[in-house]
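Pasted below: start32.pdb, PDB, C-alpha atoms.
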```
ATOM      1  CA  MET A   1      91.800 120.961  95.721  1.00  0.00           C
ATOM      2  CA  ILE A   2      89.986 117.635  95.784  1.00  0.00           C
ATOM      3  CA  ASP A   3      86.632 116.813  97.363  1.00  0.00           C
ATOM      4  CA  HIS A   4      86.321 113.167  98.421  1.00  0.00           C
ATOM      5  CA  ILE A   5      82.738 112.219  99.322  1.00  0.00           C
ATOM      6  CA  VAL A   6      81.607 108.831 100.623  1.00  0.00           C
ATOM      7  CA  LEU A   7      78.033 107.659 101.214  1.00  0.00           C
ATOM      8  CA  VAL A   8      77.721 104.539 103.357  1.00  0.00           C
ATOM      9  CA  LYS A   9      74.804 102.129 103.678  1.00  0.00           C
ATOM     10  CA  PHE A  10      74.563  99.831 106.703  1.00  0.00           C
ATOM     11  CA  GLY A  11      72.561  96.722 107.468  1.00  0.00           C
ATOM     12  CA  GLU A  12      69.401  96.609 109.533  1.00  0.00           C
ATOM     13  CA  THR A  13      71.262  95.483 112.660  1.00  0.00           C
ATOM     14  CA  THR A  14      73.465  98.612 112.791  1.00  0.00           C
ATOM     15  CA  THR A  15      72.324 100.819 115.674  1.00  0.00           C
ATOM     16  CA  GLN A  16      72.049 104.608 115.850  1.00  0.00           C
ATOM     17  CA  GLU A  17      74.791 104.537 118.465  1.00  0.00           C
ATOM     18  CA  GLN A  18      77.098 102.727 116.059  1.00  0.00           C
ATOM     19  CA  LEU A  19      76.296 105.262 113.322  1.00  0.00           C
ATOM     20  CA  GLN A  20      77.173 108.089 115.727  1.00  0.00           C
ATOM     21  CA  GLU A  21      80.413 106.306 116.596  1.00  0.00           C
ATOM     22  CA  VAL A  22      81.308 106.105 112.886  1.00  0.00           C
ATOM     23  CA  VAL A  23      80.769 109.865 112.600  1.00  0.00           C
ATOM     24  CA  GLN A  24      82.882 110.589 115.693  1.00  0.00           C
ATOM     25  CA  ARG A  25      85.744 108.304 114.662  1.00  0.00           C
ATOM     26  CA  PHE A  26      85.795 109.832 111.202  1.00  0.00           C
ATOM     27  CA  LYS A  27      85.789 113.401 112.539  1.00  0.00           C
ATOM     28  CA  ALA A  28      88.728 112.513 114.771  1.00  0.00           C
ATOM     29  CA  LEU A  29      90.865 112.019 111.647  1.00  0.00           C
ATOM     30  CA  LYS A  30      90.894 115.755 110.932  1.00  0.00           C
ATOM     31  CA  GLY A  31      93.843 116.652 113.133  1.00  0.00           C
ATOM     32  CA  ARG A  32      95.806 113.462 112.484  1.00  0.00           C
ATOM     33  CA  LEU A  33      96.255 113.425 108.703  1.00  0.00           C
ATOM     34  CA  SER A  34      98.219 115.863 106.576  1.00  0.00           C
ATOM     35  CA  GLY A  35      96.824 117.494 103.471  1.00  0.00           C
ATOM     36  CA  ILE A  36      93.268 117.837 104.810  1.00  0.00           C
ATOM     37  CA  VAL A  37      91.702 121.258 104.293  1.00  0.00           C
ATOM     38  CA  ASP A  38      88.286 120.354 105.725  1.00  0.00           C
ATOM     39  CA  LEU A  39      86.492 117.263 106.983  1.00  0.00           C
ATOM     40  CA  GLN A  40      82.772 116.775 107.610  1.00  0.00           C
ATOM     41  CA  ALA A  41      80.660 113.784 108.616  1.00  0.00           C
ATOM     42  CA  GLY A  42      77.078 113.208 109.617  1.00  0.00           C
ATOM     43  CA  ILE A  43      73.970 111.090 109.512  1.00  0.00           C
ATOM     44  CA  ASN A  44      71.964 111.552 106.324  1.00  0.00           C
ATOM     45  CA  PHE A  45      68.418 112.682 107.129  1.00  0.00           C
ATOM     46  CA  SER A  46      67.208 113.151 103.541  1.00  0.00           C
ATOM     47  CA  ASP A  47      64.038 111.279 102.600  1.00  0.00           C
ATOM     48  CA  LYS A  48      65.748 110.563  99.241  1.00  0.00           C
ATOM     49  CA  ASN A  49      68.790 108.842 100.772  1.00  0.00           C
ATOM     50  CA  GLN A  50      68.211 105.446  99.092  1.00  0.00           C
ATOM     51  CA  GLY A  51      69.372 103.781 102.308  1.00  0.00           C
ATOM     52  CA  TYR A  52      72.736 105.572 102.573  1.00  0.00           C
ATOM     53  CA  GLN A  53      72.845 106.621 106.219  1.00  0.00           C
ATOM     54  CA  ILE A  54      76.287 108.218 106.631  1.00  0.00           C
ATOM     55  CA  VAL A  55      77.943 110.983 104.614  1.00  0.00           C
ATOM     56  CA  LEU A  56      81.706 111.476 104.912  1.00  0.00           C
ATOM     57  CA  SER A  57      83.391 114.370 103.128  1.00  0.00           C
ATOM     58  CA  VAL A  58      87.055 115.361 103.021  1.00  0.00           C
ATOM     59  CA  ARG A  59      88.605 118.264 101.143  1.00  0.00           C
ATOM     60  CA  PHE A  60      92.256 117.647 100.322  1.00  0.00           C
ATOM     61  CA  GLU A  61      94.936 120.065  99.221  1.00  0.00           C
ATOM     62  CA  ASN A  62      95.712 117.961  96.142  1.00  0.00           C
ATOM     63  CA  ARG A  63      95.624 114.480  94.606  1.00  0.00           C
ATOM     64  CA  ASP A  64      98.797 113.429  96.420  1.00  0.00           C
ATOM     65  CA  ALA A  65      97.091 114.060  99.766  1.00  0.00           C
ATOM     66  CA  LEU A  66      94.097 111.980  98.630  1.00  0.00           C
ATOM     67  CA  GLN A  67      96.368 109.119  97.569  1.00  0.00           C
ATOM     68  CA  ALA A  68      98.179 109.186 100.928  1.00  0.00           C
ATOM     69  CA  TYR A  69      94.853 109.117 102.790  1.00  0.00           C
ATOM     70  CA  GLY A  70      93.658 105.698 101.540  1.00  0.00           C
ATOM     71  CA  PRO A  71      96.400 103.514 103.034  1.00  0.00           C
ATOM     72  CA  ASN A  72      96.916 105.671 106.139  1.00  0.00           C
ATOM     73  CA  PRO A  73      96.591 103.440 109.267  1.00  0.00           C
ATOM     74  CA  ASP A  74      94.273 105.890 111.063  1.00  0.00           C
ATOM     75  CA  HIS A  75      91.935 105.952 108.052  1.00  0.00           C
ATOM     76  CA  GLN A  76      92.133 102.168 107.730  1.00  0.00           C
ATOM     77  CA  ALA A  77      91.108 101.787 111.395  1.00  0.00           C
ATOM     78  CA  VAL A  78      87.939 103.826 110.763  1.00  0.00           C
ATOM     79  CA  ALA A  79      87.239 101.827 107.590  1.00  0.00           C
ATOM     80  CA  ALA A  80      87.601  98.590 109.579  1.00  0.00           C
ATOM     81  CA  TYR A  81      85.117  99.831 112.186  1.00  0.00           C
ATOM     82  CA  ILE A  82      82.656 100.747 109.426  1.00  0.00           C
ATOM     83  CA  ARG A  83      82.877  97.188 108.083  1.00  0.00           C
ATOM     84  CA  GLU A  84      82.634  95.748 111.598  1.00  0.00           C
ATOM     85  CA  VAL A  85      79.336  97.484 112.380  1.00  0.00           C
ATOM     86  CA  GLY A  86      77.615  96.327 109.214  1.00  0.00           C
ATOM     87  CA  ARG A  87      78.590  98.261 106.092  1.00  0.00           C
ATOM     88  CA  VAL A  88      76.546  96.924 103.178  1.00  0.00           C
ATOM     89  CA  ASP A  89      77.573  99.314 100.398  1.00  0.00           C
ATOM     90  CA  SER A  90      79.283 102.617  99.743  1.00  0.00           C
ATOM     91  CA  ILE A  91      79.548 105.171  96.967  1.00  0.00           C
ATOM     92  CA  VAL A  92      82.711 107.212  96.535  1.00  0.00           C
ATOM     93  CA  VAL A  93      82.967 110.426  94.541  1.00  0.00           C
ATOM     94  CA  ASP A  94      86.167 112.410  93.946  1.00  0.00           C
ATOM     95  CA  ILE A  95      86.039 115.780  92.208  1.00  0.00           C
ATOM     96  CA  GLU A  96      88.688 118.365  91.472  1.00  0.00           C
ATOM     97  CA  LEU A  97      87.778 121.919  92.418  1.00  0.00           C
TER      98      LEU A  97
END
```

Could the structure of this file be written out as structure tokens, please?
Amino acid sequence: MIDHIVLVKFGETTTQEQLQEVVQRFKALKGRLSGIVDLQAGINFSDKNQGYQIVLSVRFENRDALQAYGPNPDHQAVAAYIREVGRVDSIVVDIEL
């Protein structure tokens, strides 16, 4: 299995409502993409977050499922919304379990 974890930092103009919308749109991917074992998303409340406000985590069955996820149109639509509402930076981590 593969864990794919993304931390996203947004600009100062991004609202809490927009952050919640990012979380909801991301969670909606769970039933629409194959190869997903688990999917989690939420707003980071840690006082050590270094400005990264959203955490997105997907557990995939294997590397092939991860590779299919990136270009998937449903995933790309969420990524476009993230950019639209003010994404400044992101960190991506992929680990094999």

### Task
Find the spatial neighbours of stretch 40-53 of chain A, counting all atoms listed in the file, within a cut-off of 6 Å - ignore same-chain residues fewer than 2 positions away - and output them as a list in words.
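Residues meeting the cut-off are Leu7, Val8, Lys9, Val23, Val55, Leu56 and Ser57 of chain A.
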
Same residues, C-alpha atoms, saved as a CSV table (one decimal), keeping the file's coordinate frame:
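Generated file (selection-v5.csv):
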```csv
chain,number,residue,atom,x,y,z
A,7,LEU,CA,78.0,107.7,101.2
A,8,VAL,CA,77.7,104.5,103.4
A,9,LYS,CA,74.8,102.1,103.7
A,23,VAL,CA,80.8,109.9,112.6
A,55,VAL,CA,77.9,111.0,104.6
A,56,LEU,CA,81.7,111.5,104.9
A,57,SER,CA,83.4,114.4,103.1
```

#### Entry: For A:Leu29: contacts at 9 Å, only C-alpha atoms, fewer than 6 positions along chain excluded, given as a ChimeraX atom specification
/A:39,74-75,78

### Message
Suppose a student applies the PyMOL selection byres ((chain A and resi 61) around 8) to this structure; what residues should they get, written as number ranges by chain?
### Response
A: 1-2, 35-37, 59-60, 62-63, 65

#### Entry: Coordinates-based distance that separates atom CA of A:Leu97 from atom CA of A:Val22 (Å, one decimal)
26.7 Å

Take every atom of stretch 39-47 of chain A listed in the file, pad by 8 Å on each side, and give me the axis-aligned box centre and edge lengths in Å, one decimal, as lines of an AutoDock Vina configuration file.
```
center_x = 75.3
center_y = 114.2
center_z = 106.1
size_x = 38.5
size_y = 22.2
size_z = 23.0
```

### Message
As an exercise, work out the distance from atom CA of A:Gln18 to atom CA of A:Gly86 in Å and give it to one decimal place.
### Response
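Interatomic distance here is 9.4 Å.
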
### Query
Taking all atoms listed in the file into account, which of A:Gly11, A:Val58, A:Ile95, A:Arg25 comes nearest A:Gln76?
A:Arg25

### Query
So how many Å separate atom CA of A:Leu33 and atom CA of A:Asp89, to one decimal?
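According to the coordinates, atom CA of A:Leu33 and atom CA of A:Asp89 are separated by 24.8 Å.
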
### Query
So, counting all atoms listed in the file, which residue among A:Ala68, A:Leu19, A:Ala79, A:Ile5 is closest to A:Val92?
A:Ile5

Using the atoms already present, construct N, CA, C and O atoms for stretch 22-33 of chain A and hand them back as a short mmCIF file (atom, residue, chain, number, x, y, z; two decimals), in the frame of the given file.
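Okay, this is what ended up in rebuild.cif:
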```
data_model
loop_
_atom_site.label_atom_id
_atom_site.label_comp_id
_atom_site.auth_asym_id
_atom_site.auth_seq_id
_atom_site.Cartn_x
_atom_site.Cartn_y
_atom_site.Cartn_z
N VAL A 22 80.64 105.96 114.19
CA VAL A 22 81.31 106.10 112.89
C VAL A 22 81.60 107.57 112.62
O VAL A 22 82.73 107.95 112.25
N VAL A 23 80.60 108.43 112.83
CA VAL A 23 80.77 109.86 112.60
C VAL A 23 81.88 110.42 113.49
O VAL A 23 82.76 111.15 113.01
N GLN A 24 81.88 110.07 114.76
CA GLN A 24 82.88 110.59 115.69
C GLN A 24 84.29 110.11 115.35
O GLN A 24 85.24 110.89 115.38
N ARG A 25 84.42 108.84 115.02
CA ARG A 25 85.74 108.30 114.66
C ARG A 25 86.27 108.96 113.40
O ARG A 25 87.45 109.26 113.28
N PHE A 26 85.38 109.19 112.45
CA PHE A 26 85.80 109.83 111.20
C PHE A 26 86.22 111.27 111.46
O PHE A 26 87.27 111.71 110.98
N LYS A 27 85.44 112.01 112.23
CA LYS A 27 85.79 113.40 112.54
C LYS A 27 87.13 113.51 113.26
O LYS A 27 87.84 114.50 113.10
N ALA A 28 87.47 112.50 114.03
CA ALA A 28 88.73 112.51 114.77
C ALA A 28 89.95 112.45 113.85
O ALA A 28 91.06 112.76 114.27
N LEU A 29 89.76 112.07 112.60
CA LEU A 29 90.86 112.02 111.65
C LEU A 29 91.39 113.40 111.28
O LEU A 29 92.54 113.54 110.86
N LYS A 30 90.57 114.42 111.43
CA LYS A 30 90.89 115.76 110.93
C LYS A 30 92.26 116.25 111.39
O LYS A 30 93.04 116.73 110.59
N GLY A 31 92.58 116.14 112.64
CA GLY A 31 93.84 116.65 113.13
C GLY A 31 95.02 115.69 112.99
O GLY A 31 96.14 116.05 113.31
N ARG A 32 94.76 114.49 112.51
CA ARG A 32 95.81 113.46 112.48
C ARG A 32 96.39 113.17 111.11
O ARG A 32 97.36 112.43 111.01
N LEU A 33 95.79 113.72 110.05
CA LEU A 33 96.26 113.42 108.70
C LEU A 33 96.66 114.71 108.00
O LEU A 33 95.95 115.72 108.08
#
```
